[in-house]
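Next up, run-v3.cif (mmCIF, C-alpha atoms):
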data_structure
#
loop_
_atom_site.label_atom_id
_atom_site.label_comp_id
_atom_site.auth_asym_id
_atom_site.auth_seq_id
_atom_site.Cartn_x
_atom_site.Cartn_y
_atom_site.Cartn_z
CA MET A 1116 42.25 -1.25 78.99
CA ASN A 1117 41.43 1.93 80.85
CA ARG A 1118 38.02 3.53 81.14
CA PHE A 1119 38.66 5.89 78.20
CA GLY A 1120 39.68 3.01 75.93
CA LYS A 1121 36.35 1.29 76.61
CA ILE A 1122 34.48 4.51 75.88
CA GLY A 1123 36.43 4.87 72.63
CA LEU A 1124 35.56 1.33 71.58
CA GLY A 1125 31.94 1.93 72.50
CA MET A 1126 31.82 5.08 70.39
CA LEU A 1127 33.48 3.23 67.52
CA GLY A 1128 30.71 0.62 67.72
CA VAL A 1129 28.04 3.32 67.71
CA LEU A 1130 29.63 5.02 64.71
CA ALA A 1131 29.95 1.73 62.83
CA GLY A 1132 26.32 0.87 63.56
CA THR A 1133 25.19 4.31 62.46
CA PHE A 1134 27.16 4.00 59.23
CA LEU A 1135 25.66 0.59 58.48
CA GLY A 1136 22.12 1.66 59.37
CA TYR A 1137 22.07 4.96 57.54
CA CYS A 1138 24.57 4.56 54.70
CA ALA A 1139 25.75 1.09 53.74
CA LEU A 1140 22.61 -1.05 54.09
CA PRO A 1141 20.16 1.41 52.45
CA ASN A 1142 22.64 1.91 49.61
CA LEU A 1143 22.95 -1.84 49.00
CA TYR A 1144 19.17 -2.23 49.13
CA ALA A 1145 18.63 0.62 46.67
CA ARG A 1146 21.13 -0.87 44.23
CA ASN A 1147 19.31 -4.22 44.24
CA VAL A 1148 15.86 -2.67 43.91
CA SER A 1149 16.95 -0.31 41.12
CA LYS A 1150 18.29 -3.26 39.10
CA ARG A 1151 14.87 -4.92 39.25
CA VAL A 1152 13.09 -1.68 38.35
CA ARG A 1153 15.33 -1.00 35.35
CA LYS A 1154 14.48 -4.44 33.98
CA THR A 1155 10.76 -3.62 33.97
CA LEU A 1156 10.97 -0.44 31.86
CA PRO A 1157 10.11 -0.73 28.16
CA LYS A 1158 13.16 -1.08 25.94
CA GLY A 1159 13.90 1.40 23.18
CA LYS A 1160 12.39 4.44 24.89
CA ASN A 1161 14.29 7.21 26.60
CA GLN A 1162 12.50 7.82 29.87
CA VAL A 1163 13.13 9.59 33.13
CA ALA A 1164 11.23 8.93 36.34
CA LEU A 1165 10.85 12.04 38.46
CA THR A 1166 10.21 11.50 42.14
CA PHE A 1167 10.00 13.96 44.99
CA ASP A 1168 10.17 12.84 48.61
CA ASP A 1169 9.27 14.17 52.03
CA GLY A 1170 6.71 16.76 50.99
CA PRO A 1171 4.65 18.58 50.35
CA SER A 1172 6.87 21.49 51.26
CA GLY A 1173 7.12 25.16 50.48
CA HIS A 1174 8.74 24.25 47.14
CA THR A 1175 6.09 21.83 45.91
CA GLU A 1176 3.88 24.42 44.22
CA ARG A 1177 6.83 25.74 42.20
CA LEU A 1178 7.69 22.16 41.23
CA LEU A 1179 4.10 21.60 40.08
CA ASP A 1180 4.20 24.82 38.06
CA GLY A 1181 7.41 23.71 36.33
CA LEU A 1182 6.10 20.22 35.64
CA ALA A 1183 2.91 21.70 34.15
CA GLN A 1184 4.94 24.06 31.97
CA TYR A 1185 6.70 21.09 30.36
CA GLY A 1186 3.79 18.64 30.44
CA ALA A 1187 5.78 16.33 32.71
CA LYS A 1188 4.42 13.99 35.37
CA ALA A 1189 6.08 12.91 38.59
CA THR A 1190 5.55 10.78 41.65
CA PHE A 1191 5.30 12.59 44.97
CA PHE A 1192 6.11 10.44 48.01
CA VAL A 1193 4.17 12.34 50.64
CA ILE A 1194 4.71 12.38 54.39
CA GLY A 1195 1.37 12.34 56.22
CA LYS A 1196 2.32 15.09 58.67
CA GLN A 1197 3.25 17.34 55.77
CA ALA A 1198 0.07 16.45 53.86
CA GLU A 1199 -2.03 17.50 56.85
CA LYS A 1200 -0.36 20.93 56.75
CA ARG A 1201 -0.78 21.36 52.97
CA PRO A 1202 -3.73 19.26 51.77
CA ALA A 1203 -4.52 21.60 48.86
CA ILE A 1204 -1.08 21.00 47.35
CA VAL A 1205 -1.52 17.22 47.53
CA LYS A 1206 -4.94 17.55 45.92
CA ARG A 1207 -3.50 19.77 43.19
CA ALA A 1208 -0.75 17.25 42.40
CA TYR A 1209 -3.30 14.43 42.21
CA ASP A 1210 -5.74 16.49 40.11
CA GLU A 1211 -2.93 17.33 37.66
CA GLY A 1212 -2.26 13.63 37.08
CA HIS A 1213 0.77 13.04 39.26
CA LEU A 1214 1.12 9.86 41.31
CA ILE A 1215 0.96 10.16 45.09
CA GLY A 1216 2.96 7.67 47.13
CA ASN A 1217 2.81 6.93 50.85
CA HIS A 1218 6.08 7.96 52.51
CA THR A 1219 4.73 7.20 56.01
CA TYR A 1220 3.13 9.59 58.45
CA ASP A 1221 6.24 10.81 60.24
CA HIS A 1222 9.20 9.34 58.31
CA PRO A 1223 10.64 6.90 60.89
CA ASN A 1224 13.96 5.21 60.22
CA PHE A 1225 12.85 1.65 59.46
CA TYR A 1226 16.27 0.25 60.35
CA VAL A 1227 15.85 1.18 64.01
CA THR A 1228 12.06 1.45 64.37
CA PRO A 1229 10.13 -1.55 65.73
CA ASP A 1230 7.99 -3.21 63.05
CA ASN A 1231 4.67 -2.36 64.70
CA THR A 1232 5.62 1.34 64.92
CA ALA A 1233 6.71 1.43 61.28
CA ILE A 1234 3.52 -0.30 60.13
CA GLU A 1235 1.41 2.13 62.17
CA SER A 1236 3.16 5.08 60.51
CA ILE A 1237 2.36 3.65 57.06
CA GLU A 1238 -1.25 2.90 58.01
CA LYS A 1239 -1.76 6.33 59.59
CA ALA A 1240 -0.62 8.01 56.37
CA LYS A 1241 -2.82 5.70 54.31
CA ARG A 1242 -5.88 6.76 56.34
CA LEU A 1243 -5.35 10.38 55.20
CA SER A 1244 -6.21 9.56 51.57
#
Can you turn what I pasted into structure tokens?
Amino acid sequence: MNRFGKIGLGMLGVLAGTFLGYCALPNLYARNVSKRVRKTLPKGKNQVALTFDDGPSGHTERLLDGLAQYGAKATFFVIGKQAEKRPAIVKRAYDEGHLIGNHTYDHPNFYVTPDNTAIESIEKAKRLS
């Protein structure tokens, strides 16, 4: 095999790893978790769980306005870096009865991030509350 064939195989490996890490494995995990979550919801009620990730952002205040208009509640999975930039929006969401979830400090990819770095990102975000 020539040098370019080895490079091609190497790139194919990188692409396959990227696909598994970013697409296939998270999708399989989400399917398993969602099955367990669905089993815990009360039967006989029509419900929708609203979640918003990676904020707060420039759109969060409009989202809060819309939720208030309809008397709806949501869960906001907040990134610590974003919360530091917009603490008043996080406080408003909490004060209006929405749930606030920890979406890490800087949103690392847990499939490629060392455990200690991932844990530190979670803990750093937790310290902001």
For the structure shown, which residues end up in the PyMOL selection byres ((chain A and resi 1161-1177) around 8)? Put them as number ranges by chain, please? A: 1159-1160, 1178-1181, 1188-1194, 1197-1198, 1201, 1204-1205, 1218, 1222
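Atom CA of A:Tyr1220 to atom CA of A:Arg1207 spans 19.5 Å [interatomic distance, one decimal].
Using all atoms listed in the file, the nearest neighbour of A:Leu1182 within the list A:Lys1196, A:Lys1206, A:Asp1221, A:Glu1211 is A:Glu1211.
As for atom CA of A:Leu1243 and atom CA of A:Gly1195, they are spaced 7.1 Å apart.
One finds atom CA of A:Thr1219 at 8.6 Å from atom CA of A:Ile1234.
When all atoms listed in the file are used to measure the gap to A:Ser1244, the shortest distance among A:Ala1187, A:Val1227, A:Ile1215, A:Ala1208 belongs to A:Ile1215.
For the choices A:Tyr1226, A:Arg1242, A:Ser1236, A:Gly1212, the atom-to-atom distance to A:Gly1186 is smallest for A:Gly1212 when using all atoms listed in the file.
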